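File shown here: query.pdb, holding PDB, C-alpha atoms and all ligand atoms.
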ATOM      1  CA  MET A   1       8.547  17.768  39.529
ATOM      2  CA  SER A   2       5.163  15.981  39.741
ATOM      3  CA  GLU A   3       4.817  12.466  38.389
ATOM      4  CA  ALA A   4       2.430  13.643  35.668
ATOM      5  CA  VAL A   5       4.858  16.330  34.464
ATOM      6  CA  GLN A   6       7.673  13.800  34.415
ATOM      7  CA  THR A   7       5.543  11.300  32.468
ATOM      8  CA  ILE A   8       4.552  13.920  29.887
ATOM      9  CA  ARG A   9       8.122  15.110  29.400
ATOM     10  CA  ASN A  10       9.551  11.601  29.116
ATOM     11  CA  ALA A  11       6.782  10.318  26.834
ATOM     12  CA  LEU A  12       6.980  13.281  24.463
ATOM     13  CA  PHE A  13      10.745  13.100  24.341
ATOM     14  CA  GLU A  14      10.504   9.465  23.336
ATOM     15  CA  ARG A  15       7.716  10.272  20.889
ATOM     16  CA  PHE A  16       9.147  13.354  19.170
ATOM     17  CA  GLY A  17      12.789  13.555  20.273
ATOM     18  CA  GLU A  18      12.083  16.983  21.756
ATOM     19  CA  ARG A  19      12.027  18.395  25.298
ATOM     20  CA  PHE A  20       8.821  20.164  26.340
ATOM     21  CA  ASP A  21       8.345  22.643  29.153
ATOM     22  CA  VAL A  22       5.268  21.680  31.120
ATOM     23  CA  ASP A  23       3.747  24.134  33.583
ATOM     24  CA  PRO A  24       3.196  22.099  36.787
ATOM     25  CA  ALA A  25       0.261  24.387  37.685
ATOM     26  CA  LEU A  26      -1.769  23.326  34.632
ATOM     27  CA  PRO A  27      -5.015  21.520  35.420
ATOM     28  CA  GLY A  28      -5.598  18.131  33.781
ATOM     29  CA  LEU A  29      -1.981  17.015  33.776
ATOM     30  CA  ASP A  30      -2.959  13.413  34.593
ATOM     31  CA  GLU A  31      -5.084  13.285  31.470
ATOM     32  CA  LEU A  32      -2.325  14.839  29.351
ATOM     33  CA  ALA A  33       0.107  12.279  30.777
ATOM     34  CA  ARG A  34      -2.209   9.442  29.693
ATOM     35  CA  MET A  35      -2.554  10.963  26.214
ATOM     36  CA  ALA A  36       1.173  11.580  25.781
ATOM     37  CA  ALA A  37       2.102   8.067  26.884
ATOM     38  CA  ARG A  38      -0.702   6.160  25.143
ATOM     39  CA  ARG A  39       0.112   3.097  23.077
ATOM     40  CA  VAL A  40      -1.614   0.314  21.198
ATOM     41  CA  HIS A  41      -2.210  -2.980  23.057
ATOM     42  CA  ARG A  42      -2.460  -6.286  21.225
ATOM     43  CA  ARG A  43      -2.051  -8.733  24.128
ATOM     44  CA  TYR A  44      -4.742  -9.090  26.785
ATOM     45  CA  LEU A  45      -5.304 -10.872  30.093
ATOM     46  CA  ALA A  46      -7.927 -13.618  30.152
ATOM     47  CA  ARG A  47     -10.255 -11.324  32.089
ATOM     48  CA  ASP A  48     -13.657 -10.151  30.939
ATOM     49  CA  VAL A  49     -14.659  -6.568  30.424
ATOM     50  CA  ALA A  50     -17.962  -6.139  32.261
ATOM     51  CA  PRO A  51     -20.834  -5.319  29.853
ATOM     52  CA  ASP A  52     -21.825  -2.333  32.006
ATOM     53  CA  LEU A  53     -18.319  -0.904  31.779
ATOM     54  CA  LEU A  54     -18.276  -1.395  28.021
ATOM     55  CA  ARG A  55     -21.629   0.367  27.715
ATOM     56  CA  LEU A  56     -20.342   3.232  29.815
ATOM     57  CA  LEU A  57     -17.253   3.606  27.610
ATOM     58  CA  CYS A  58     -19.389   3.494  24.456
ATOM     59  CA  ALA A  59     -21.644   6.214  25.887
ATOM     60  CA  CYS A  60     -18.573   8.363  26.647
ATOM     61  CA  ALA A  61     -17.248   7.749  23.125
ATOM     62  CA  LEU A  62     -20.594   8.662  21.584
ATOM     63  CA  SER A  63     -20.494  11.913  23.583
ATOM     64  CA  ALA A  64     -17.807  13.068  21.114
ATOM     65  CA  PRO A  65     -18.537  16.156  19.014
ATOM     66  CA  SER A  66     -20.519  15.542  15.861
ATOM     67  CA  LYS A  67     -20.516  17.519  12.615
ATOM     68  CA  SER A  68     -23.706  19.682  12.515
ATOM     69  CA  ASP A  69     -24.994  17.489  15.370
ATOM     70  CA  LEU A  70     -25.863  14.926  12.678
ATOM     71  CA  GLN A  71     -24.645  11.979  14.817
ATOM     72  CA  GLN A  72     -23.519   9.723  11.994
ATOM     73  CA  ALA A  73     -21.380   7.246  13.951
ATOM     74  CA  ASP A  74     -22.482   3.914  15.427
ATOM     75  CA  ILE A  75     -20.681   1.297  17.496
ATOM     76  CA  LEU A  76     -21.485  -2.392  17.076
ATOM     77  CA  ILE A  77     -20.493  -4.762  19.909
ATOM     78  CA  VAL A  78     -19.822  -8.233  18.487
ATOM     79  CA  ARG A  79     -20.910 -10.531  21.306
ATOM     80  CA  GLU A  80     -21.940 -13.783  19.582
ATOM     81  CA  ASN A  81     -18.988 -16.097  19.463
ATOM     82  CA  GLU A  82     -19.857 -17.464  16.027
ATOM     83  CA  ARG A  83     -19.834 -14.026  14.409
ATOM     84  CA  ARG A  84     -16.703 -13.090  16.258
ATOM     85  CA  VAL A  85     -14.885 -16.244  15.114
ATOM     86  CA  ALA A  86     -16.066 -15.698  11.539
ATOM     87  CA  ILE A  87     -14.496 -12.207  11.577
ATOM     88  CA  ALA A  88     -11.307 -13.468  13.241
ATOM     89  CA  ASP A  89     -11.047 -16.232  10.603
ATOM     90  CA  LEU A  90     -10.953 -13.554   7.897
ATOM     91  CA  LEU A  91      -8.035 -11.822   9.653
ATOM     92  CA  SER A  92      -5.834 -14.785  10.419
ATOM     93  CA  GLY A  93      -2.658 -12.644  10.431
ATOM     94  CA  MET A  94      -3.982 -10.788  13.479
ATOM     95  CA  PRO A  95      -4.545 -13.311  16.295
ATOM     96  CA  TRP A  96      -5.391 -10.475  18.717
ATOM     97  CA  VAL A  97      -8.799 -10.170  17.000
ATOM     98  CA  ARG A  98      -9.645 -13.692  18.188
ATOM     99  CA  GLU A  99      -7.982 -13.331  21.590
ATOM    100  CA  ALA A 100      -9.308  -9.945  22.757
ATOM    101  CA  PRO A 101     -12.131 -10.253  25.310
ATOM    102  CA  VAL A 102     -14.157  -7.649  23.394
ATOM    103  CA  PHE A 103     -14.458  -6.806  19.706
ATOM    104  CA  LEU A 104     -16.246  -3.712  18.465
ATOM    105  CA  VAL A 105     -16.898  -2.325  15.004
ATOM    106  CA  PHE A 106     -17.128   1.428  14.432
ATOM    107  CA  LEU A 107     -19.597   2.230  11.669
ATOM    108  CA  ALA A 108     -20.065   5.284   9.479
ATOM    109  CA  ASP A 109     -23.838   5.664   9.284
ATOM    110  CA  GLY A 110     -24.994   7.765   6.333
ATOM    111  CA  ARG A 111     -28.432   6.233   6.509
ATOM    112  CA  ARG A 112     -30.160   8.307   9.160
ATOM    113  CA  VAL A 113     -29.836  11.755   7.571
ATOM    114  CA  PRO A 114     -31.614  10.866   4.278
ATOM    115  CA  LYS A 115     -34.158   8.928   6.361
ATOM    116  CA  ILE A 116     -34.902  12.061   8.401
ATOM    117  CA  SER A 117     -35.384  14.090   5.200
ATOM    118  CA  GLN A 118     -37.812  11.445   3.992
ATOM    119  CA  MET A 119     -39.653  11.337   7.360
ATOM    120  CA  ARG A 120     -40.084  15.104   7.331
ATOM    121  CA  GLY A 121     -41.035  15.303   3.648
ATOM    122  CA  LYS A 122     -37.971  17.328   2.630
ATOM    123  CA  PRO A 123     -35.716  17.011  -0.397
ATOM    124  CA  PHE A 124     -32.248  15.581   0.164
ATOM    125  CA  PRO A 125     -29.944  17.094  -2.481
ATOM    126  CA  ASN A 126     -26.806  16.126  -0.496
ATOM    127  CA  ASP A 127     -26.282  12.540  -1.514
ATOM    128  CA  HIS A 128     -22.640  12.958  -2.590
ATOM    129  CA  LEU A 129     -19.108  12.528  -1.249
ATOM    130  CA  ASP A 130     -19.745  14.860   1.675
ATOM    131  CA  LEU A 131     -22.267  12.438   3.234
ATOM    132  CA  PHE A 132     -19.675   9.659   3.294
ATOM    133  CA  PHE A 133     -16.901  11.985   4.413
ATOM    134  CA  ASN A 134     -18.900  13.501   7.297
ATOM    135  CA  ALA A 135     -20.025  10.109   8.532
ATOM    136  CA  THR A 136     -16.463   8.758   8.361
ATOM    137  CA  VAL A 137     -14.983  11.758  10.182
ATOM    138  CA  ASP A 138     -17.621  11.536  12.941
ATOM    139  CA  THR A 139     -16.866   7.835  13.302
ATOM    140  CA  ALA A 140     -13.117   8.415  13.520
ATOM    141  CA  ILE A 141     -13.703  10.954  16.293
ATOM    142  CA  VAL A 142     -15.917   8.498  18.190
ATOM    143  CA  LEU A 143     -13.240   5.838  17.758
ATOM    144  CA  ALA A 144     -10.532   8.133  19.114
ATOM    145  CA  THR A 145     -12.771   9.129  22.017
ATOM    146  CA  PHE A 146     -13.383   5.467  22.817
ATOM    147  CA  LEU A 147      -9.606   4.926  22.951
ATOM    148  CA  ARG A 148      -9.291   7.758  25.429
ATOM    149  CA  ALA A 149     -12.159   6.482  27.604
ATOM    150  CA  ALA A 150     -10.737   2.959  27.602
ATOM    151  CA  ASP A 151      -7.299   4.283  28.493
ATOM    152  CA  ALA A 152      -8.739   6.226  31.420
ATOM    153  CA  VAL A 153      -9.973   3.028  33.095
ATOM    154  CA  GLY A 154      -6.821   1.050  32.271
ATOM    155  CA  LEU A 155      -8.113  -0.944  29.309
ATOM    156  CA  GLY A 156      -5.937  -1.530  26.262
ATOM    157  CA  CYS A 157      -7.154  -1.306  22.667
ATOM    158  CA  CYS A 158      -6.121  -1.967  19.106
ATOM    159  CA  PRO A 159      -8.128  -0.456  16.234
ATOM    160  CA  ILE A 160      -8.461  -2.848  13.294
ATOM    161  CA  SER A 161      -8.745  -1.252   9.867
ATOM    162  CA  VAL A 162      -7.889  -4.567   8.232
ATOM    163  CA  ILE A 163     -11.573  -5.513   8.507
ATOM    164  CA  ARG A 164     -11.916  -3.282   5.439
ATOM    165  CA  ASP A 165      -9.863  -5.804   3.468
ATOM    166  CA  HIS A 166     -13.004  -7.917   3.833
ATOM    167  CA  ALA A 167     -15.548  -5.118   3.899
ATOM    168  CA  ARG A 168     -18.267  -7.033   2.047
ATOM    169  CA  ALA A 169     -17.932 -10.223   4.118
ATOM    170  CA  VAL A 170     -17.827  -8.274   7.412
ATOM    171  CA  SER A 171     -20.837  -6.183   6.393
ATOM    172  CA  GLU A 172     -22.813  -9.314   5.586
ATOM    173  CA  LEU A 173     -21.812 -10.956   8.871
ATOM    174  CA  LEU A 174     -23.037  -7.874  10.736
ATOM    175  CA  ASP A 175     -26.175  -7.288   8.621
ATOM    176  CA  LEU A 176     -25.087  -3.756   7.740
ATOM    177  CA  PRO A 177     -27.827  -1.950   5.821
ATOM    178  CA  GLU A 178     -27.437   0.394   2.865
ATOM    179  CA  LYS A 179     -25.302   3.506   3.535
ATOM    180  CA  VAL A 180     -23.609   1.965   6.584
ATOM    181  CA  VAL A 181     -19.943   0.959   6.255
ATOM    182  CA  PRO A 182     -17.358  -0.350   8.723
ATOM    183  CA  VAL A 183     -14.584   2.180   9.406
ATOM    184  CA  ALA A 184     -12.555   0.035  11.808
ATOM    185  CA  GLY A 185     -12.852  -2.769  14.306
ATOM    186  CA  MET A 186     -11.460  -2.506  17.829
ATOM    187  CA  CYS A 187      -9.941  -5.099  20.139
ATOM    188  CA  VAL A 188     -10.449  -4.221  23.804
ATOM    189  CA  GLY A 189      -9.091  -5.923  26.922
ATOM    190  CA  TRP A 190      -7.009  -5.603  30.061
ATOM    191  CA  PRO A 191      -3.407  -5.261  28.844
ATOM    192  CA  ALA A 192      -1.124  -8.263  29.379
ATOM    193  CA  ASP A 193       1.971  -6.096  29.068
ATOM    194  CA  GLU A 194       2.951  -2.467  29.207
ATOM    195  CA  GLY A 195       3.405  -2.009  25.475
ATOM    196  CA  GLY A 196       5.664   0.786  24.329
ATOM    197  CA  ILE A 197       5.610   4.305  22.993
ATOM    198  CA  SER A 198       5.757   4.513  19.219
ATOM    199  CA  PRO A 199       7.948   7.451  18.107
ATOM    200  CA  ARG A 200       6.312   9.899  15.710
ATOM    201  CA  LEU A 201       7.592  12.146  12.951
ATOM    202  CA  SER A 202       9.066  15.355  14.330
ATOM    203  CA  LEU A 203       6.754  18.274  14.997
ATOM    204  CA  ALA A 204       8.815  20.163  12.395
ATOM    205  CA  THR A 205       7.210  17.748   9.912
ATOM    206  CA  THR A 206       3.627  17.629  11.143
ATOM    207  CA  LEU A 207       2.982  20.899  12.971
ATOM    208  CA  HIS A 208       2.671  24.031  10.827
ATOM    209  CA  GLU A 209       2.298  27.681  11.720
ATOM    210  CA  ASP A 210       0.450  30.253   9.601
ATOM    211  CA  ARG A 211       1.319  28.562   6.318
ATOM    212  CA  PHE A 212       2.171  25.067   5.228
ATOM    213  CA  ALA A 213       5.871  24.473   5.745
ATOM    214  CA  ALA A 214       6.950  21.902   3.178
ATOM    215  CA  GLY A 215      10.473  21.891   4.658
ATOM    216  CA  ASP A 216      13.116  19.355   3.770
ATOM    217  CA  LEU A 217      10.903  16.300   3.958
ATOM    218  CA  THR A 218      13.625  13.887   2.839
ATOM    219  CA  ALA A 219      15.967  15.006   5.614
ATOM    220  CA  GLU A 220      13.182  14.917   8.219
ATOM    221  CA  ILE A 221      12.154  11.405   7.217
ATOM    222  CA  ASP A 222      15.760  10.175   7.216
ATOM    223  CA  ALA A 223      16.283  11.673  10.675
ATOM    224  CA  TYR A 224      13.050  10.118  11.929
ATOM    225  CA  ASP A 225      14.037   6.711  10.554
ATOM    226  CA  ARG A 226      17.308   6.873  12.536
ATOM    227  CA  ARG A 227      15.734   8.173  15.752
ATOM    228  CA  ARG A 228      13.007   5.559  15.588
ATOM    229  CA  ALA A 229      15.347   2.691  14.734
ATOM    230  CA  ALA A 230      17.450   3.504  17.805
ATOM    231  CA  LEU A 231      14.362   3.230  20.033
ATOM    232  CA  ARG A 232      12.140   0.671  18.316
ATOM    233  CA  PRO A 233      13.864  -1.193  15.502
ATOM    234  CA  TYR A 234      11.675  -3.375  13.283
ATOM    235  CA  ARG A 235      11.999  -7.058  14.137
ATOM    236  CA  ASN A 236      11.100  -8.251  10.644
ATOM    237  CA  GLN A 237      11.528  -6.867   7.167
ATOM    238  CA  ARG A 238       8.479  -6.848   4.893
ATOM    239  CA  ASP A 239       8.373  -8.659   1.555
ATOM    240  CA  VAL A 240      12.028  -9.745   1.465
ATOM    241  CA  ALA A 241      11.312 -12.016  -1.521
ATOM    242  CA  ARG A 242      10.426  -8.956  -3.604
ATOM    243  CA  PHE A 243      12.727  -6.271  -2.201
ATOM    244  CA  GLY A 244      15.622  -8.151  -0.631
ATOM    245  CA  ARG A 245      17.063  -7.599   2.823
ATOM    246  CA  ALA A 246      17.891  -3.959   3.594
ATOM    247  CA  GLU A 247      21.004  -3.223   5.608
ATOM    248  CA  PHE A 248      19.189  -0.386   7.357
ATOM    249  CA  TYR A 249      15.465  -1.010   7.663
ATOM    250  CA  GLY A 250      13.646   2.074   8.894
ATOM    251  CA  TRP A 251      10.045   3.274   9.057
ATOM    252  CA  SER A 252      10.076   4.766   5.565
ATOM    253  CA  GLU A 253      11.444   1.555   4.049
ATOM    254  CA  ASP A 254       8.718  -0.395   5.831
ATOM    255  CA  LYS A 255       5.922   1.951   4.722
ATOM    256  CA  ALA A 256       7.249   2.125   1.152
ATOM    257  CA  ARG A 257       7.240  -1.686   0.999
ATOM    258  CA  GLN A 258       3.768  -1.852   2.567
ATOM    259  CA  TYR A 259       2.382   0.534  -0.032
ATOM    260  CA  ALA A 260       4.174  -1.116  -2.972
ATOM    261  CA  ALA A 261       1.324  -3.630  -3.116
ATOM    262  CA  PRO A 262      -2.265  -2.659  -3.959
ATOM    263  CA  LEU A 263      -4.341  -2.347  -0.800
ATOM    264  CA  ARG A 264      -8.137  -2.343  -0.752
ATOM    265  CA  ALA A 265      -8.363  -1.250  -4.369
ATOM    266  CA  ASP A 266     -11.992  -2.449  -4.288
ATOM    267  CA  PHE A 267     -13.001  -0.340  -1.290
ATOM    268  CA  GLY A 268     -14.483   2.477  -3.385
ATOM    269  CA  ALA A 269     -16.584  -0.025  -5.301
ATOM    270  CA  PHE A 270     -17.761  -1.530  -1.986
ATOM    271  CA  VAL A 271     -18.715   1.894  -0.578
ATOM    272  CA  ARG A 272     -20.642   2.690  -3.783
ATOM    273  CA  ALA A 273     -22.367  -0.683  -3.683
ATOM    274  CA  GLN A 274     -23.384   0.128  -0.086
ATOM    275  CA  GLY A 275     -25.312   3.079  -1.498
ATOM    276  CA  PHE A 276     -22.946   6.005  -1.009
ATOM    277  CA  ARG A 277     -22.336   8.312  -3.964
ATOM    278  CA  LEU A 278     -18.745   9.438  -3.962
ATOM    279  CA  ASP A 279     -18.876  12.247  -6.541
TER     280      ASP A 279
HETATM  281  C1  LIG B   1      -7.658   3.667  12.199
HETATM  282  C2  LIG B   1      -6.628   2.695  12.710
HETATM  283  C3  LIG B   1      -6.581   1.426  12.185
HETATM  284  C4  LIG B   1      -5.669   0.486  12.657
HETATM  285  N1  LIG B   1      -5.691  -0.795  12.154
HETATM  286  C5  LIG B   1      -4.888  -1.732  12.696
HETATM  287  C6  LIG B   1      -4.990  -3.092  12.262
HETATM  288  O1  LIG B   1      -5.766  -3.435  11.374
HETATM  289  N2  LIG B   1      -4.219  -4.006  12.882
HETATM  290  C7  LIG B   1      -3.350  -3.674  13.885
HETATM  291  O2  LIG B   1      -2.684  -4.578  14.423
HETATM  292  N3  LIG B   1      -3.201  -2.387  14.289
HETATM  293  C8  LIG B   1      -3.953  -1.419  13.725
HETATM  294  N4  LIG B   1      -3.866  -0.118  14.159
HETATM  295  C9  LIG B   1      -2.890   0.240  15.215
HETATM  296  C10 LIG B   1      -1.702   0.963  14.615
HETATM  297  O3  LIG B   1      -0.859   0.040  13.983
HETATM  298  C11 LIG B   1      -0.960   1.728  15.742
HETATM  299  O4  LIG B   1      -1.800   2.718  16.249
HETATM  300  C12 LIG B   1       0.322   2.352  15.183
HETATM  301  O5  LIG B   1       1.262   1.352  14.886
HETATM  302  C13 LIG B   1       0.961   3.343  16.143
HETATM  303  O6  LIG B   1       1.188   2.763  17.407
HETATM  304  P1  LIG B   1       0.600   3.434  18.719
HETATM  305  O7  LIG B   1      -0.903   3.397  18.620
HETATM  306  O8  LIG B   1       1.125   2.594  19.859
HETATM  307  O9  LIG B   1       1.102   4.841  18.776
HETATM  308  C14 LIG B   1      -4.740   0.849  13.668
HETATM  309  C15 LIG B   1      -4.773   2.160  14.183
HETATM  310  C16 LIG B   1      -5.703   3.072  13.714
HETATM  311  C17 LIG B   1      -5.728   4.468  14.299
END

Take the structure I supplied and represent it as structure tokens, if you would.
Amino acid sequence: MSEAVQTIRNALFERFGERFDVDPALPGLDELARMAARRVHRRYLARDVAPDLLRLLCACALSAPSKSDLQQADILIVRENERRVAIADLLSGMPWVREAPVFLVFLADGRRVPKISQMRGKPFPNDHLDLFFNATVDTAIVLATFLRAADAVGLGCCPISVIRDHARAVSELLDLPEKVVPVAGMCVGWPADEGGISPRLSLATTLHEDRFAAGDLTAEIDAYDRRRAALRPYRNQRDVARFGRAEFYGWSEDKARQYAAPLRADFGAFVRAQGFRLD
């Protein structure tokens, strides 16, 4: 069995708890192996990422498909140390933002399309939720494509959605104009360790055929909690002061605790204030 086939089978077993048959004659197995075994990296070597390499990866990321070819995603490279430190100071719980050799911000840009309508003397009756949604989806695809490009050259990354906890402050630091909002930041660097595969919900939960299969979600989540805890138990329990110490602390307990506190309740107001209409 080729190394790529072995990697794919092992990674997907760890990820989904399921054995996959992989045809060794398939083209592109090395790429599939990288995708199957990918993982977040939050620790980096003290080694720069050459600006030319970063530009190349950004160009590959921005080669991602784009809804109606509207091209509503931008990438902002935060180079100036002062700006970088100011962002890292806002996210003190995430030291990797300060430590990563490179920090990027992926932006949903809903500004260009109305500008084009104005330039060409056309009406723009589409200033509603769809503008924000399309720009955000395009940006998420560019972000995912960047992850894949970075992975291909051996770089490690960690997307940072927590910048949206400070969306206004980050937008001011980066001079974001009207109708441009940060979707996520991204730490990039040469990985200092291997990291590990994060198990996912079973495909019985997240992969549907022909019609939505609601299934026995409680049983699937319980089973996932157990499978995941055997491979990657949580080191710390969240919010013990409020919820106490659980005897068994699985993924669902962690996510339920995480979402028992209001998160970014002001984000809609921020997006509106940035000039998007969300109706
Ligand atoms: C859109 C997005 C935002 C994320 N935001 C953060 C973040 O703010 N801080 C962080 O440490 N990790 C963040 N992550 C990383 C996730 O925690 C990580 O992908 C998840 O735990 C699964 O692990 P894996 O990527 O190794 O499969 C983010 C990931 C995505 C896709």

- Write as a ChimeraX atom specification the residues around ligand LIG 1 (chain B), taking 6 Å as the cut-off and counting all atoms listed in the file. /A:39-40,158-162,197-198

- Message: For the PyMOL selection byres (((chain A and resi 169) around 12) and not hetatm), applied here, can you spell out every residue it catches as a PyMOL selection string?
- Response: chain A and resi 83+86-91+163-168+170-176+181-182+270

- Message: Just want the 12 Å neighbourhood of Arg228 in chain A, counted on only C-alpha atoms, with same-chain residues fewer than 4 positions away dropped. Output as a VMD selection string.
- Response: chain A and resid 13 to 17 197 to 202 220 to 224 232 to 234 248 to 252

- Message: When the PyMOL selection byres (((chain A and resi 70) around 10) and not hetatm) is applied to the structure above, which residues does it catch, written out as a PyMOL selection string?
- Response: chain A and resi 65-69+71-73+110+112-113+134-135+138

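Here CA of Arg235 in chain A is placed at a distance of 27.8 Å from CA of Val102 in chain A.
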
- Message: When the PyMOL selection byres (((chain A and resi 100) around 8) and not hetatm) is applied to the structure above, which residues does it catch, written out as number ranges by chain?
- Response: A: 42-44, 96-99, 101-103, 187-189

Range 69-151 of chain A near range 49-61 of chain A within 7 Å: what's each residue's closest atom pair and its distance in Å to one decimal, counting all atoms listed in the file, ordered by chain then ascending residue number, as JSON lines?
{"residue": "A:Pro101", "atom": "CA", "partner": "A:Val49", "partner_atom": "CA", "distance": 6.8}
{"residue": "A:Val142", "atom": "CA", "partner": "A:Ala61", "partner_atom": "CA", "distance": 5.2}
{"residue": "A:Leu143", "atom": "CA", "partner": "A:Ala61", "partner_atom": "CA", "distance": 7.0}
{"residue": "A:Thr145", "atom": "CA", "partner": "A:Ala61", "partner_atom": "CA", "distance": 4.8}
{"residue": "A:Phe146", "atom": "CA", "partner": "A:Ala61", "partner_atom": "CA", "distance": 4.5}
{"residue": "A:Ala149", "atom": "CA", "partner": "A:Leu57", "partner_atom": "CA", "distance": 5.8}
{"residue": "A:Ala150", "atom": "CA", "partner": "A:Leu57", "partner_atom": "CA", "distance": 6.5}

- Item | Separation of CA of Glu178 in chain A from CA of Gly275 in chain A in Å | 5.5 Å

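Reported to one decimal place, the separation of CA of Ala64 in chain A from CA of Phe133 in chain A is 16.8 Å.
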
- Which polymer residues have any atom within 12 Å of an atom of Gly28 in chain A, counting all atoms listed in the file, with same-chain residues fewer than 6 positions away left out, as a VMD selection string? chain A and resid 4 to 5 8 22 34 to 35

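Closest approach to Ala140 in chain A among A:Asp30, A:Gly154, A:Asp109, A:Ile116 is made by A:Asp109 (distances from only C-alpha atoms).
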
- Asp279 in chain A surroundings by only C-alpha atoms, 10 Å radius, close-in-sequence under 5 positions cut, as a VMD selection string: chain A and resid 127 to 130

Please supply range 254-260 of chain A, rebuilt with all heavy atoms, as a PDB file, keeping the file's coordinate frame.
ATOM      1  N   ASP A 254       9.850   0.485   5.522  1.00  0.00           N
ATOM      2  CA  ASP A 254       8.718  -0.395   5.831  1.00  0.00           C
ATOM      3  C   ASP A 254       7.435   0.109   5.175  1.00  0.00           C
ATOM      4  O   ASP A 254       6.691  -0.656   4.563  1.00  0.00           O
ATOM      5  CB  ASP A 254       8.536  -0.496   7.349  1.00  0.00           C
ATOM      6  CG  ASP A 254       7.452  -1.492   7.708  1.00  0.00           C
ATOM      7  OD1 ASP A 254       7.700  -2.710   7.530  1.00  0.00           O
ATOM      8  OD2 ASP A 254       6.355  -1.073   8.118  1.00  0.00           O
ATOM      9  N   LYS A 255       7.174   1.406   5.286  1.00  0.00           N
ATOM     10  CA  LYS A 255       5.922   1.951   4.722  1.00  0.00           C
ATOM     11  C   LYS A 255       5.958   1.922   3.197  1.00  0.00           C
ATOM     12  O   LYS A 255       4.942   1.675   2.548  1.00  0.00           O
ATOM     13  CB  LYS A 255       5.687   3.381   5.237  1.00  0.00           C
ATOM     14  CG  LYS A 255       5.471   3.454   6.729  1.00  0.00           C
ATOM     15  CD  LYS A 255       4.327   2.558   7.180  1.00  0.00           C
ATOM     16  CE  LYS A 255       4.610   1.883   8.497  1.00  0.00           C
ATOM     17  NZ  LYS A 255       3.847   0.663   8.749  1.00  0.00           N
ATOM     18  N   ALA A 256       7.147   2.176   2.614  1.00  0.00           N
ATOM     19  CA  ALA A 256       7.249   2.125   1.152  1.00  0.00           C
ATOM     20  C   ALA A 256       6.977   0.701   0.664  1.00  0.00           C
ATOM     21  O   ALA A 256       6.278   0.500  -0.342  1.00  0.00           O
ATOM     22  CB  ALA A 256       8.621   2.606   0.704  1.00  0.00           C
ATOM     23  N   ARG A 257       7.504  -0.283   1.391  1.00  0.00           N
ATOM     24  CA  ARG A 257       7.240  -1.686   0.999  1.00  0.00           C
ATOM     25  C   ARG A 257       5.762  -2.024   1.187  1.00  0.00           C
ATOM     26  O   ARG A 257       5.151  -2.669   0.338  1.00  0.00           O
ATOM     27  CB  ARG A 257       8.095  -2.641   1.847  1.00  0.00           C
ATOM     28  CG  ARG A 257       9.570  -2.588   1.473  1.00  0.00           C
ATOM     29  CD  ARG A 257      10.366  -3.629   2.227  1.00  0.00           C
ATOM     30  NE  ARG A 257      11.791  -3.507   1.898  1.00  0.00           N
ATOM     31  CZ  ARG A 257      12.683  -4.470   2.067  1.00  0.00           C
ATOM     32  NH1 ARG A 257      12.323  -5.624   2.588  1.00  0.00           N
ATOM     33  NH2 ARG A 257      13.943  -4.280   1.731  1.00  0.00           N
ATOM     34  N   GLN A 258       5.190  -1.570   2.311  1.00  0.00           N
ATOM     35  CA  GLN A 258       3.768  -1.852   2.567  1.00  0.00           C
ATOM     36  C   GLN A 258       2.901  -1.315   1.427  1.00  0.00           C
ATOM     37  O   GLN A 258       1.988  -1.976   0.955  1.00  0.00           O
ATOM     38  CB  GLN A 258       3.363  -1.204   3.901  1.00  0.00           C
ATOM     39  CG  GLN A 258       1.920  -1.461   4.296  1.00  0.00           C
ATOM     40  CD  GLN A 258       1.585  -0.847   5.671  1.00  0.00           C
ATOM     41  OE1 GLN A 258       2.459  -0.303   6.362  1.00  0.00           O
ATOM     42  NE2 GLN A 258       0.331  -0.936   6.054  1.00  0.00           N
ATOM     43  N   TYR A 259       3.221  -0.103   0.979  1.00  0.00           N
ATOM     44  CA  TYR A 259       2.382   0.534  -0.032  1.00  0.00           C
ATOM     45  C   TYR A 259       2.852   0.270  -1.460  1.00  0.00           C
ATOM     46  O   TYR A 259       2.370   0.898  -2.407  1.00  0.00           O
ATOM     47  CB  TYR A 259       2.209   2.026   0.300  1.00  0.00           C
ATOM     48  CG  TYR A 259       1.022   2.162   1.221  1.00  0.00           C
ATOM     49  CD1 TYR A 259       1.128   1.837   2.571  1.00  0.00           C
ATOM     50  CD2 TYR A 259      -0.227   2.497   0.719  1.00  0.00           C
ATOM     51  CE1 TYR A 259       0.019   1.868   3.396  1.00  0.00           C
ATOM     52  CE2 TYR A 259      -1.334   2.535   1.540  1.00  0.00           C
ATOM     53  CZ  TYR A 259      -1.212   2.218   2.878  1.00  0.00           C
ATOM     54  OH  TYR A 259      -2.324   2.233   3.680  1.00  0.00           O
ATOM     55  N   ALA A 260       3.760  -0.700  -1.624  1.00  0.00           N
ATOM     56  CA  ALA A 260       4.174  -1.116  -2.972  1.00  0.00           C
ATOM     57  C   ALA A 260       3.255  -2.212  -3.500  1.00  0.00           C
ATOM     58  O   ALA A 260       3.418  -2.670  -4.632  1.00  0.00           O
ATOM     59  CB  ALA A 260       5.623  -1.598  -2.941  1.00  0.00           C
TER      60      ALA A 260
END
